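K.L.:
Below is the file structure_14.cif, which contains mmCIF, C-alpha atoms.
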data_query
loop_
_atom_site.label_atom_id
_atom_site.label_comp_id
_atom_site.auth_asym_id
_atom_site.auth_seq_id
_atom_site.Cartn_x
_atom_site.Cartn_y
_atom_site.Cartn_z
CA MET A 1 -62.35 18.64 -12.50
CA ASN A 2 -60.02 18.80 -15.48
CA GLU A 3 -58.35 15.68 -16.86
CA GLU A 4 -54.89 16.55 -15.56
CA LEU A 5 -56.08 17.08 -11.97
CA ALA A 6 -58.17 13.92 -12.13
CA THR A 7 -55.17 11.86 -13.31
CA ILE A 8 -52.95 13.32 -10.56
CA SER A 9 -55.63 12.53 -8.01
CA SER A 10 -55.84 8.92 -9.27
CA LEU A 11 -52.05 8.55 -9.19
CA LYS A 12 -52.11 9.94 -5.65
CA LYS A 13 -54.59 7.22 -4.73
CA VAL A 14 -52.24 4.67 -6.31
CA LEU A 15 -49.45 5.93 -4.04
CA GLU A 16 -51.74 5.79 -1.00
CA SER A 17 -52.71 2.19 -1.84
CA ALA A 18 -49.05 1.29 -2.34
CA GLY A 19 -48.20 2.94 0.98
CA ALA A 20 -50.88 0.81 2.67
CA GLY A 21 -49.22 -2.33 1.31
CA ASP A 22 -51.31 -2.85 -1.81
CA GLY A 23 -49.55 -3.82 -5.07
CA ILE A 24 -48.79 -0.96 -7.43
CA ALA A 25 -49.97 -2.82 -10.54
CA ARG A 26 -53.27 -3.67 -8.89
CA ALA A 27 -53.79 -0.12 -7.67
CA LEU A 28 -52.92 1.29 -11.11
CA ALA A 29 -55.33 -1.04 -12.91
CA ARG A 30 -58.08 -0.11 -10.47
CA GLU A 31 -57.59 3.64 -10.21
CA ILE A 32 -56.63 4.93 -13.62
CA ARG A 33 -58.77 2.78 -15.88
CA GLY A 34 -61.30 5.55 -16.41
CA MET A 35 -58.75 8.34 -16.89
CA GLY A 36 -59.09 8.91 -20.65
CA PRO A 37 -57.29 7.03 -23.42
CA GLU A 38 -53.89 7.23 -21.65
CA GLY A 39 -55.25 5.69 -18.43
CA ALA A 40 -57.12 2.99 -20.36
CA SER A 41 -53.96 2.13 -22.26
CA VAL A 42 -51.93 1.84 -19.03
CA ALA A 43 -54.59 -0.36 -17.40
CA ARG A 44 -54.79 -2.58 -20.49
CA MET A 45 -51.02 -3.06 -20.62
CA ILE A 46 -50.90 -3.97 -16.92
CA LEU A 47 -53.74 -6.46 -17.32
CA MET A 48 -51.91 -7.98 -20.27
CA GLY A 49 -48.95 -8.62 -18.00
CA HIS A 50 -46.47 -5.95 -19.11
CA PRO A 51 -44.03 -4.62 -16.47
CA ILE A 52 -45.12 -1.43 -14.66
CA SER A 53 -42.29 0.72 -16.02
CA LEU A 54 -43.32 -0.20 -19.58
CA SER A 55 -47.04 0.10 -18.93
CA LEU A 56 -46.63 3.62 -17.58
CA GLY A 57 -45.22 4.74 -20.95
CA PRO A 58 -48.33 6.68 -22.11
CA LEU A 59 -48.45 8.59 -18.82
CA LEU A 60 -44.70 9.24 -18.89
CA LYS A 61 -45.10 10.82 -22.33
CA SER A 62 -48.11 12.82 -21.15
CA ARG A 63 -48.30 16.49 -22.13
CA SER A 64 -48.69 17.35 -18.45
CA GLU A 65 -45.30 17.62 -16.76
CA GLU A 66 -46.84 16.88 -13.35
CA VAL A 67 -48.51 13.64 -14.50
CA SER A 68 -45.27 12.58 -16.16
CA MET A 69 -43.23 13.29 -12.98
CA LEU A 70 -45.63 11.40 -10.75
CA SER A 71 -45.66 8.44 -13.17
CA ALA A 72 -41.84 8.44 -13.17
CA LEU A 73 -41.90 8.21 -9.36
CA ILE A 74 -44.38 5.32 -9.44
CA GLY A 75 -42.24 3.64 -12.09
CA SER A 76 -39.17 4.01 -9.85
CA ALA A 77 -40.93 2.01 -7.11
CA THR A 78 -40.06 -1.18 -8.98
CA LYS A 79 -36.39 -0.46 -8.27
CA SER A 80 -36.91 0.20 -4.55
CA SER A 81 -39.89 -0.50 -2.31
CA SER A 82 -43.45 0.25 -3.40
CA THR A 83 -44.56 0.69 0.24
CA LEU A 84 -41.86 3.26 0.91
CA VAL A 85 -42.38 5.07 -2.40
CA GLY A 86 -46.09 5.14 -1.61
CA LYS A 87 -45.51 6.62 1.85
CA LYS A 88 -42.85 9.14 0.84
CA GLY A 89 -44.53 10.01 -2.43
CA ARG A 90 -47.64 11.42 -0.80
CA THR A 91 -46.02 14.77 -0.05
CA PHE A 92 -44.64 14.89 -3.56
CA ALA A 93 -48.07 14.14 -5.02
CA ALA A 94 -49.55 16.94 -2.92
CA VAL A 95 -46.90 19.35 -4.27
CA LEU A 96 -47.64 18.30 -7.85
CA GLU A 97 -51.37 18.67 -7.25
CA ARG A 98 -50.73 22.20 -6.01
CA TRP A 99 -48.72 22.96 -9.16
CA ALA A 100 -51.48 21.59 -11.39
CA LYS A 101 -54.04 23.76 -9.58
CA MET A 102 -51.78 26.78 -9.97
CA LYS A 103 -51.52 26.04 -13.69
CA GLU A 104 -55.29 25.82 -13.92
CA ASN A 105 -55.67 29.22 -12.20
CA GLU A 106 -53.04 30.64 -14.52
CA LYS A 107 -55.03 29.38 -17.51
CA LEU A 108 -58.11 31.22 -16.26
CA GLU A 109 -56.08 34.40 -15.76
CA MET A 110 -54.63 34.07 -19.26
CA ARG A 111 -58.15 33.82 -20.66
CA VAL A 112 -59.02 37.16 -19.04
CA GLN A 113 -55.77 38.67 -20.35
CA ALA A 114 -56.56 37.41 -23.85
CA PHE A 115 -59.95 39.11 -23.64
CA ARG A 116 -58.28 42.33 -22.53
CA ALA A 117 -55.90 42.07 -25.49
CA LEU A 118 -58.89 41.68 -27.82
CA LEU A 119 -60.48 44.82 -26.38
CA THR A 120 -57.20 46.70 -26.70
CA SER A 121 -56.89 45.59 -30.34
CA GLY A 122 -60.41 46.80 -31.05
CA VAL A 123 -59.79 50.20 -29.43
CA LEU A 124 -56.46 50.48 -31.24
CA GLY A 125 -58.21 49.84 -34.57
CA ALA A 126 -60.76 52.56 -33.80
CA VAL A 127 -58.20 55.16 -32.68
CA THR A 128 -55.79 54.64 -35.59
CA ALA A 129 -58.69 54.69 -38.07
CA MET A 130 -59.87 58.05 -36.61
CA LEU A 131 -56.36 59.45 -36.74
CA ALA A 132 -55.65 58.25 -40.25
CA SER A 133 -59.01 59.59 -41.51
CA LEU A 134 -59.30 62.87 -39.65
CA GLY A 135 -55.66 63.60 -38.87
CA PRO A 136 -54.84 64.99 -42.32
CA LEU A 137 -57.86 67.31 -42.03
CA VAL A 138 -56.63 68.69 -38.70
CA ALA A 139 -53.06 68.94 -39.98
CA SER A 140 -54.24 70.93 -42.98
CA LEU A 141 -55.52 73.73 -40.71
CA ASN A 142 -52.46 75.77 -41.49
CA PHE A 143 -53.39 79.31 -42.41
CA VAL A 144 -49.90 80.74 -42.50
CA GLU A 145 -47.75 78.56 -44.70
CA GLY A 146 -50.08 78.09 -47.62
CA ASN A 147 -51.42 74.75 -48.78
CA PRO A 148 -49.91 71.66 -47.12
CA PRO A 149 -49.62 68.42 -49.16
CA VAL A 150 -52.85 66.47 -49.46
CA ALA A 151 -52.99 63.06 -47.78
CA SER A 152 -53.24 60.10 -50.14
CA GLY A 153 -54.85 56.70 -49.54
CA ASN A 154 -51.41 55.46 -48.55
CA LEU A 155 -51.84 56.81 -45.04
CA LEU A 156 -54.98 54.71 -44.45
CA LEU A 157 -53.17 51.66 -45.78
CA ALA A 158 -50.05 52.27 -43.66
CA ALA A 159 -52.10 52.93 -40.51
CA GLY A 160 -53.99 49.68 -41.16
CA GLY A 161 -50.69 47.85 -41.55
CA MET A 162 -49.34 49.32 -38.31
CA THR A 163 -52.54 48.36 -36.51
CA ALA A 164 -52.27 44.81 -37.86
CA ILE A 165 -48.63 44.52 -36.70
CA SER A 166 -49.38 45.80 -33.18
CA SER A 167 -52.54 43.78 -32.66
CA GLY A 168 -50.86 40.68 -34.10
CA MET A 169 -47.94 40.96 -31.68
CA LEU A 170 -50.30 41.64 -28.79
CA GLY A 171 -52.37 38.59 -29.73
CA PHE A 172 -49.25 36.44 -30.09
CA PHE A 173 -48.06 37.56 -26.65
CA MET A 174 -51.39 36.74 -25.01
CA SER A 175 -52.89 33.84 -26.92
CA GLY A 176 -50.05 32.36 -28.98
CA ARG A 177 -51.22 30.87 -32.26
CA ARG A 178 -54.63 32.51 -32.07
CA PHE A 179 -53.12 35.95 -32.70
CA TYR A 180 -55.09 36.20 -35.97
CA ILE A 181 -58.29 36.81 -33.95
CA ASN A 182 -56.75 40.02 -32.57
CA VAL A 183 -55.69 41.07 -36.07
CA LEU A 184 -59.19 40.35 -37.40
CA VAL A 185 -60.87 42.32 -34.61
CA ALA A 186 -58.50 45.28 -35.00
CA LEU A 187 -58.85 45.40 -38.80
CA THR A 188 -62.64 44.99 -38.71
CA VAL A 189 -63.02 47.87 -36.27
CA TYR A 190 -60.49 49.84 -38.32
CA ALA A 191 -62.48 49.28 -41.53
CA ILE A 192 -65.81 50.21 -39.87
CA VAL A 193 -64.49 53.39 -38.21
CA SER A 194 -62.62 54.57 -41.30
CA SER A 195 -65.73 54.06 -43.46
CA VAL A 196 -67.83 56.01 -40.92
CA ALA A 197 -65.24 58.80 -40.70
CA ALA A 198 -64.70 59.01 -44.49
CA PRO A 199 -67.45 61.64 -45.13
CA LEU A 200 -65.97 63.88 -42.41
CA ALA A 201 -62.49 63.50 -43.89
CA SER A 202 -63.69 64.73 -47.31
CA PHE A 203 -64.64 68.10 -45.80
CA SER A 204 -62.29 70.79 -47.10
CA VAL A 205 -61.27 73.85 -45.08
CA LEU A 206 -61.21 77.21 -46.78
CA SER A 207 -58.36 79.45 -45.93
CA PRO A 208 -59.58 82.72 -44.31
CA TRP A 209 -56.94 84.63 -46.32
CA GLY A 210 -58.70 83.57 -49.48
CA ILE A 211 -62.08 85.20 -48.50
CA LYS A 212 -62.59 88.60 -50.07
CA MET B 1 -12.46 41.91 -12.46
CA VAL B 2 -16.25 41.64 -12.43
CA ARG B 3 -17.54 38.05 -12.14
CA ILE B 4 -20.68 37.26 -14.05
CA PRO B 5 -22.22 33.95 -12.84
CA SER B 6 -24.05 33.14 -16.07
CA PHE B 7 -20.86 33.56 -18.16
CA GLU B 8 -18.91 31.44 -15.68
CA HIS B 9 -21.55 28.71 -15.66
CA PHE B 10 -21.52 28.28 -19.44
CA GLY B 11 -17.76 28.88 -19.69
CA ILE B 12 -18.21 31.88 -21.97
CA SER B 13 -15.28 34.28 -22.19
CA ALA B 14 -16.36 37.86 -21.52
CA PRO B 15 -14.33 39.43 -24.41
CA ARG B 16 -15.89 37.01 -26.90
CA ILE B 17 -19.47 37.75 -25.91
CA LEU B 18 -18.69 41.48 -25.76
CA GLY B 19 -17.37 41.22 -29.32
CA LEU B 20 -20.54 39.39 -30.37
CA GLY B 21 -22.65 42.07 -28.65
CA PHE B 22 -20.78 44.87 -30.43
CA ALA B 23 -21.16 43.09 -33.78
CA ALA B 24 -24.91 42.70 -33.20
CA ALA B 25 -25.20 46.36 -32.13
CA ILE B 26 -23.30 47.68 -35.16
CA GLY B 27 -25.26 45.36 -37.48
CA SER B 28 -28.62 46.46 -36.11
CA TYR B 29 -27.54 50.15 -36.24
CA LEU B 30 -26.59 49.88 -39.92
CA VAL B 31 -29.68 47.88 -40.89
CA LEU B 32 -32.05 50.22 -39.05
CA ALA B 33 -30.36 53.38 -40.36
CA ALA B 34 -30.65 52.00 -43.90
CA SER B 35 -34.26 50.82 -43.54
CA LEU B 36 -35.49 53.99 -41.80
CA GLY B 37 -34.10 56.29 -44.50
CA GLU B 38 -35.28 59.86 -43.94
CA ALA B 39 -38.61 58.96 -42.31
CA LEU B 40 -37.61 60.14 -38.86
CA GLY B 41 -35.45 63.04 -40.07
CA GLU B 42 -32.77 64.04 -37.57
CA ALA B 43 -34.07 61.56 -35.01
CA THR B 44 -32.92 58.58 -37.13
CA GLY B 45 -29.40 58.58 -35.63
CA PRO B 46 -30.41 58.60 -31.93
CA VAL B 47 -33.20 56.05 -32.54
CA ALA B 48 -30.76 53.69 -34.32
CA ILE B 49 -28.30 54.12 -31.41
CA VAL B 50 -31.02 53.19 -28.87
CA VAL B 51 -31.95 50.09 -30.90
CA ALA B 52 -28.26 49.15 -31.21
CA LEU B 53 -27.86 49.43 -27.42
CA LEU B 54 -30.89 47.21 -26.93
CA ALA B 55 -29.42 44.65 -29.35
CA PHE B 56 -26.15 44.77 -27.39
CA TYR B 57 -28.01 44.18 -24.11
CA THR B 58 -30.01 41.35 -25.70
CA VAL B 59 -26.86 39.47 -26.73
CA LEU B 60 -25.17 40.02 -23.36
CA SER B 61 -28.20 38.94 -21.34
CA THR B 62 -28.86 35.73 -23.31
CA PRO B 63 -26.73 33.47 -21.00
CA ARG B 64 -28.58 34.84 -17.96
CA ARG B 65 -31.96 34.08 -19.49
CA VAL B 66 -30.88 30.55 -20.43
CA LEU B 67 -29.58 30.11 -16.88
CA ASP B 68 -32.89 31.30 -15.38
CA ARG B 69 -34.79 28.80 -17.54
CA GLN B 70 -32.46 25.99 -16.50
CA ARG B 71 -32.85 26.94 -12.87
CA MET B 72 -36.64 26.78 -13.10
CA SER B 73 -36.68 23.36 -14.74
CA GLN B 74 -34.05 22.00 -12.33
CA ALA B 75 -35.97 23.33 -9.32
CA ARG B 76 -39.16 21.64 -10.52
CA GLU B 77 -37.41 18.36 -11.25
CA SER B 78 -35.57 18.41 -7.91
CA VAL B 79 -38.88 17.77 -6.10
CA ALA B 80 -39.30 14.47 -7.95
CA LEU B 81 -35.61 13.68 -7.56
CA SER B 82 -35.80 14.31 -3.83
CA ALA B 83 -38.87 12.03 -3.37
CA SER B 84 -37.37 9.28 -5.48
CA ALA B 85 -33.94 9.51 -3.74
CA MET B 86 -35.60 9.51 -0.32
CA ALA B 87 -37.49 6.26 -1.02
CA CYS B 88 -34.53 4.60 -2.68
CA LEU B 89 -32.10 5.56 0.09
CA SER B 90 -34.49 4.23 2.74
CA VAL B 91 -34.71 0.88 0.94
CA THR B 92 -31.15 0.32 -0.20
CA GLY B 93 -29.35 2.23 2.55
CA SER B 94 -26.63 2.83 -0.02
CA ARG B 95 -25.74 6.25 -1.35
CA SER B 96 -23.94 4.94 -4.42
CA LYS B 97 -26.78 2.57 -5.36
CA THR B 98 -29.29 5.38 -4.92
CA LEU B 99 -27.27 7.75 -7.09
CA MET B 100 -27.02 5.15 -9.82
CA THR B 101 -30.72 4.36 -9.70
CA LEU B 102 -31.84 7.98 -10.08
CA ARG B 103 -33.07 8.87 -13.57
CA PRO B 104 -34.02 12.56 -13.73
CA ARG B 105 -35.83 13.68 -16.88
CA GLU B 106 -34.39 17.19 -16.95
CA GLN B 107 -31.37 17.25 -19.28
CA THR B 108 -28.77 19.06 -17.15
CA LEU B 109 -29.83 17.23 -14.00
CA ALA B 110 -29.64 13.88 -15.83
CA SER B 111 -26.18 14.77 -17.08
CA ALA B 112 -25.04 15.74 -13.53
CA THR B 113 -26.40 12.43 -12.16
CA ARG B 114 -24.66 10.47 -14.93
CA GLN B 115 -21.37 12.27 -14.19
CA CYS B 116 -21.77 11.54 -10.49
CA ALA B 117 -22.43 7.83 -11.14
CA ARG B 118 -19.41 7.70 -13.46
CA LYS B 119 -17.14 9.23 -10.82
CA ILE B 120 -18.40 6.75 -8.21
CA LEU B 121 -17.70 3.87 -10.58
CA LEU B 122 -14.21 5.28 -11.13
CA GLY B 123 -13.61 5.08 -7.39
CA LEU B 124 -14.26 8.62 -6.13
CA PRO B 125 -15.91 8.78 -2.66
CA VAL B 126 -19.68 9.31 -2.91
CA ASP B 127 -19.74 12.53 -0.89
CA LEU B 128 -17.05 14.09 -3.08
CA ALA B 129 -18.71 12.96 -6.31
CA ALA B 130 -22.11 14.24 -5.11
CA ALA B 131 -20.62 17.56 -3.99
CA GLU B 132 -18.92 18.05 -7.36
CA SER B 133 -22.15 17.32 -9.22
CA ALA B 134 -24.06 19.65 -6.87
CA ASN B 135 -21.64 22.47 -7.73
CA SER B 136 -22.43 22.14 -11.42
CA LEU B 137 -26.17 22.74 -10.82
CA VAL B 138 -27.90 26.11 -10.95
CA SER B 139 -30.86 25.32 -8.74
CA TYR B 140 -30.09 25.23 -5.03
CA SER B 141 -32.86 22.67 -4.33
CA ALA B 142 -31.38 20.28 -6.90
CA ALA B 143 -27.91 20.82 -5.41
CA ASP B 144 -29.35 20.25 -1.91
CA THR B 145 -30.76 16.88 -3.01
CA PHE B 146 -27.25 15.76 -3.96
CA ARG B 147 -25.75 17.13 -0.73
CA VAL B 148 -28.42 15.46 1.44
CA LEU B 149 -27.84 12.22 -0.44
CA ALA B 150 -24.15 12.48 0.37
CA SER B 151 -24.96 13.12 4.06
CA MET B 152 -26.84 9.78 4.17
CA ASP B 153 -29.87 10.98 6.11
CA PRO B 154 -33.16 10.45 4.29
CA ASP B 155 -35.01 12.55 6.87
CA ASP B 156 -33.09 15.66 5.71
CA PHE B 157 -34.97 15.70 2.40
CA GLY B 158 -37.45 18.56 2.50
CA GLU B 159 -40.48 19.09 0.28
CA GLY B 160 -38.04 20.77 -2.06
CA ASP B 161 -40.54 23.07 -3.73
CA GLU B 162 -39.64 26.29 -1.89
CA GLU B 163 -37.38 27.39 -4.72
CA SER B 164 -39.85 26.58 -7.48
CA ARG B 165 -42.56 28.37 -5.50
CA GLY B 166 -40.32 31.45 -5.21
CA LEU B 167 -39.48 31.29 -8.90
CA SER B 168 -43.17 30.98 -9.81
CA THR B 169 -43.93 34.07 -7.71
CA SER B 170 -41.12 35.99 -9.39
CA ILE B 171 -42.42 34.98 -12.85
CA GLU B 172 -45.88 36.12 -11.78
CA LEU B 173 -44.50 39.50 -10.68
CA TYR B 174 -42.52 39.80 -13.94
CA ARG B 175 -45.71 39.20 -15.88
CA GLU B 176 -47.65 41.74 -13.83
CA THR B 177 -44.97 44.34 -14.54
CA LYS B 178 -44.26 43.60 -18.16
CA LEU B 179 -47.76 42.99 -19.47
CA PRO B 180 -48.93 46.62 -19.10
CA MET B 181 -45.60 47.75 -20.59
CA PHE B 182 -46.11 45.60 -23.66
CA MET B 183 -49.74 46.66 -23.99
CA THR B 184 -48.67 50.32 -23.83
CA ALA B 185 -45.99 49.79 -26.48
CA CYS B 186 -48.41 47.98 -28.78
CA PHE B 187 -51.19 50.52 -28.26
CA PHE B 188 -49.27 53.76 -28.50
CA SER B 189 -46.58 53.05 -31.10
CA PRO B 190 -48.96 52.95 -34.12
CA ILE B 191 -50.90 55.96 -32.79
CA MET B 192 -47.75 58.01 -32.29
CA LEU B 193 -46.37 57.06 -35.69
CA VAL B 194 -49.64 57.88 -37.49
CA LEU B 195 -49.66 61.26 -35.69
CA TYR B 196 -46.05 61.78 -36.69
CA ALA B 197 -46.90 60.98 -40.32
CA VAL B 198 -49.85 63.37 -40.21
CA PHE B 199 -48.04 66.33 -38.66
CA THR B 200 -44.89 65.96 -40.75
CA HIS B 201 -47.04 65.41 -43.84
CA THR B 202 -45.31 62.12 -44.59
CA TYR B 203 -47.77 60.71 -47.10
CA GLY B 204 -45.39 59.12 -49.62
CA SER B 205 -45.37 55.32 -49.90
CA LEU B 206 -41.66 55.05 -49.07
CA GLY B 207 -41.90 57.28 -45.97
CA LEU B 208 -44.92 55.38 -44.66
CA LEU B 209 -43.24 52.05 -45.33
CA GLU B 210 -40.22 53.24 -43.34
CA LEU B 211 -42.48 54.26 -40.46
CA ALA B 212 -44.23 50.86 -40.53
CA THR B 213 -40.81 49.16 -40.45
CA PHE B 214 -39.84 51.29 -37.48
CA GLU B 215 -43.06 50.33 -35.70
CA PHE B 216 -42.33 46.66 -36.35
CA VAL B 217 -38.85 47.09 -34.81
CA ILE B 218 -40.27 48.82 -31.70
CA VAL B 219 -43.01 46.22 -31.12
CA ASP B 220 -40.61 43.38 -31.80
CA LEU B 221 -38.10 44.69 -29.25
CA ALA B 222 -40.89 45.26 -26.73
CA PHE B 223 -42.06 41.68 -27.31
CA PHE B 224 -38.58 40.35 -26.73
CA PHE B 225 -38.09 42.28 -23.49
CA CYS B 226 -41.51 41.53 -22.13
CA SER B 227 -41.57 37.80 -22.88
CA ARG B 228 -39.53 36.01 -20.29
CA GLY B 229 -37.22 33.08 -21.02
#
Let me see the structure of the file written as structure tokens.
P.N.:
Amino acid sequence: MNEELATISSLKKVLESAGAGDGIARALAREIRGMGPEGASVARMILMGHPISLSLGPLLKSRSEEVSMLSALIGSATKSSSTLVGKKGRTFAAVLERWAKMKENEKLEMRVQAFRALLTSGVLGAVTAMLASLGPLVASLNFVEGNPPVASGNLLLAAGGMTAISSGMLGFFMSGRRFYINVLVALTVYAIVSSVAAPLASFSVLSPWGIK
Amino acid sequence: MVRIPSFEHFGISAPRILGLGFAAAIGSYLVLAASLGEALGEATGPVAIVVALLAFYTVLSTPRRVLDRQRMSQARESVALSASAMACLSVTGSRSKTLMTLRPREQTLASATRQCARKILLGLPVDLAAAESANSLVSYSAADTFRVLASMDPDDFGEGDEESRGLSTSIELYRETKLPMFMTACFFSPIMLVLYAVFTHTYGSLGLLELATFEFVIVDLAFFFCSRG
């Protein structure tokens, strides 16, 4: 179980204990002690005698929105009745648990999408490298209008740049800050394919009109 | 006169945002036409017009996107608000006390609660104050929490996550639709532009730089349209 789900589950147990008439501070100290540094800090503050609303600070500032919301509800029990908050909060805790599970599933899906984006970047690198290397050769097969301009190394450079832009954006869309991995994959494949295709690209076509 | 809810919500005057949209469109047209140069030949004009139209749409749709984001965060927060209000109302039995005890974390919801508490302290009846605050909210679940609070029946509070569940499903569907679109744009735009460079024999540094700039504009626009919120 991931840390977020485990913390929500512990906070749910706190609500259940509170609903059964147990004290919130006691339930918190018992249930969330083992829940990472945040849980340990909350338990320590409670045992040192700090008020619940203050002790829940680390959980309220938690990166997980669900943990923070559930902690805010537990903190609000000091202003009303802990038994009632415990009873009514169970449904809410179940909703938050469902959200956390949905987020977890989404994370797994995003991992698959990021892998797809990596594959796409690799294929893009290969295709653009083929086009930039062999395209000028195909385009020069013009037997009517004389000699077309010869492609310079600029085309390979520009195609590489375009590949880097596209794969970078794709990586940023899928994996955020780790977009550089997509760029690296695309440019590596690009470099390999263009070096493999280079001998083919140096082949020159003779115009049939020139053969006597 | 056409009523646009997002403009009304933020109090934006339609002529002003239209003016801003036109300015952005003309600006992007001029910048793109200048940066593309002769790379696309006769197609430069139509392409710059399409980009200008997209810039116009982007400016005009910004309030709607901000509103959608607000709605999502309010809908999520309303679940906590509902649970907290339900417990507090059962204990205190007082609508005004409950409204003053609530401390939502979402900014707009917190501001609506503060306004409501202020009105109650100024002597406005609770149901009127709650109804006014509910009207200023975008999310119907958050507004419902205020209305139920005004009706004084804690049993009327539902789970409150129907709206956020619906919004999550719609975001999921958006993603399913837009992801392949973005992948297609990212995959085919460099291929098409390299082919264009090859078949028009655009091998000069300036021409290729202009094509790369154009590709950046296309992918950037695709990114903007495909990333939600």
K.L.:
Provide the CA of Phe188 in chain B to CA of Phe225 in chain B distance in Å, to one decimal place.
P.N.:
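Spanning CA of Phe188 in chain B to CA of Phe225 in chain B is a straight-line distance of 16.8 Å.
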K.L.:
Apply the PyMOL selection byres ((chain B) within 6 of (chain A)) to the file shown and report the selected residues as a PyMOL selection string.
P.N.:
chain B and resi 87-88+91+186+190-191+198-199+203+212
K.L.:
For the selection just defined, write its residues with C-alpha atoms to a file, as a compact mmCIF listing (two decimals), in the frame of the given file.
P.N.:
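Output contents, as saved in result.txt:
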# COMPACT_ATOMS: atom_id res chain seq x y z
CA ALA B 87 -37.49 6.26 -1.02
CA CYS B 88 -34.53 4.60 -2.68
CA VAL B 91 -34.71 0.88 0.94
CA CYS B 186 -48.41 47.98 -28.78
CA PRO B 190 -48.96 52.95 -34.12
CA ILE B 191 -50.90 55.96 -32.79
CA VAL B 198 -49.85 63.37 -40.21
CA PHE B 199 -48.04 66.33 -38.66
CA TYR B 203 -47.77 60.71 -47.10
CA ALA B 212 -44.23 50.86 -40.53
K.L.:
Evaluate the PyMOL selection byres ((chain B and resi 135) around 12) on the structure here and hand back the selected residues as a list in words.
P.N.:
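In the shown coordinates, the PyMOL selection byres ((chain B and resi 135) around 12) covers His9, Leu109, Ala112, Thr113, Cys116, Leu128, Ala129, Ala130, Ala131, Glu132, Ser133, Ala134, Ser136, Leu137, Val138, Ser139, Tyr140, Ser141, Ala142, Ala143, Asp144, Thr145, Phe146 and Arg147 of chain B.
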K.L.:
Which neighbours of range 49-58 of chain A fall inside 8 Å, counting only C-alpha atoms, when residues of the same chain fewer than 4 positions from it are skipped, and could you give them as a ChimeraX atom specification?
P.N.:
/A:25,38-39,41-43,45,62,71,75-76,78
K.L.:
Using all atoms listed in the file, which protein or nucleic acid residues come within 12 Å of Ser94 in chain B? Drop anything in the same chain fewer than 3 positions from it, and give the result as a ChimeraX atom specification.
P.N.:
/A:80 /B:85-91,97-101,126-127,149-154
K.L.:
Expand the PyMOL selection byres ((chain A and resi 185) around 9) into the individual residues it matches in the shown file, reporting them as a count of residues only.
P.N.:
16
K.L.:
Which one is closest to Ser195 in chain A: A:Val112, A:Leu5, A:Ala126, A:Leu59? Count only C-alpha atoms.
P.N.:
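Ranked by minimum distance to Ser195 in chain A, first place goes to A:Ala126.
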K.L.:
Compare B:Met181, B:Ala23, B:Leu36, B:Leu18 by their minimum atom-to-atom distance to Glu215 in chain B, counting all atoms listed in the file, and give me the closest one.
P.N.:
B:Leu36
K.L.:
Assuming the input is short of atoms at range 126-137 of chain B, produce N, CA and C atoms for that part as a PDB file, keeping the file's coordinate frame.
P.N.:
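Below is the file selection35.pdb, written as the result:
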ATOM      1  N   VAL B 126     -18.343   8.848  -2.526  1.00  0.00           N
ATOM      2  CA  VAL B 126     -19.680   9.310  -2.910  1.00  0.00           C
ATOM      3  C   VAL B 126     -19.911  10.779  -2.547  1.00  0.00           C
ATOM      4  N   ASP B 127     -19.480  11.145  -1.311  1.00  0.00           N
ATOM      5  CA  ASP B 127     -19.740  12.530  -0.890  1.00  0.00           C
ATOM      6  C   ASP B 127     -19.013  13.540  -1.777  1.00  0.00           C
ATOM      7  N   LEU B 128     -17.803  13.185  -2.201  1.00  0.00           N
ATOM      8  CA  LEU B 128     -17.050  14.090  -3.080  1.00  0.00           C
ATOM      9  C   LEU B 128     -17.705  14.181  -4.456  1.00  0.00           C
ATOM     10  N   ALA B 129     -18.080  13.006  -4.980  1.00  0.00           N
ATOM     11  CA  ALA B 129     -18.710  12.960  -6.310  1.00  0.00           C
ATOM     12  C   ALA B 129     -20.024  13.741  -6.294  1.00  0.00           C
ATOM     13  N   ALA B 130     -20.820  13.546  -5.215  1.00  0.00           N
ATOM     14  CA  ALA B 130     -22.110  14.240  -5.110  1.00  0.00           C
ATOM     15  C   ALA B 130     -21.905  15.740  -4.968  1.00  0.00           C
ATOM     16  N   ALA B 131     -20.887  16.123  -4.190  1.00  0.00           N
ATOM     17  CA  ALA B 131     -20.620  17.560  -3.990  1.00  0.00           C
ATOM     18  C   ALA B 131     -20.187  18.202  -5.298  1.00  0.00           C
ATOM     19  N   GLU B 132     -19.363  17.502  -6.073  1.00  0.00           N
ATOM     20  CA  GLU B 132     -18.920  18.050  -7.360  1.00  0.00           C
ATOM     21  C   GLU B 132     -20.088  18.235  -8.321  1.00  0.00           C
ATOM     22  N   SER B 133     -20.974  17.221  -8.330  1.00  0.00           N
ATOM     23  CA  SER B 133     -22.150  17.320  -9.220  1.00  0.00           C
ATOM     24  C   SER B 133     -23.068  18.444  -8.750  1.00  0.00           C
ATOM     25  N   ALA B 134     -23.194  18.581  -7.414  1.00  0.00           N
ATOM     26  CA  ALA B 134     -24.060  19.650  -6.870  1.00  0.00           C
ATOM     27  C   ALA B 134     -23.547  21.015  -7.289  1.00  0.00           C
ATOM     28  N   ASN B 135     -22.211  21.175  -7.352  1.00  0.00           N
ATOM     29  CA  ASN B 135     -21.640  22.470  -7.730  1.00  0.00           C
ATOM     30  C   ASN B 135     -21.940  22.855  -9.168  1.00  0.00           C
ATOM     31  N   SER B 136     -22.181  21.826 -10.007  1.00  0.00           N
ATOM     32  CA  SER B 136     -22.430  22.140 -11.420  1.00  0.00           C
ATOM     33  C   SER B 136     -23.892  22.514 -11.675  1.00  0.00           C
ATOM     34  N   LEU B 137     -24.736  22.446 -10.636  1.00  0.00           N
ATOM     35  CA  LEU B 137     -26.170  22.740 -10.820  1.00  0.00           C
ATOM     36  C   LEU B 137     -26.495  24.188 -10.497  1.00  0.00           C
TER      37      LEU B 137
END
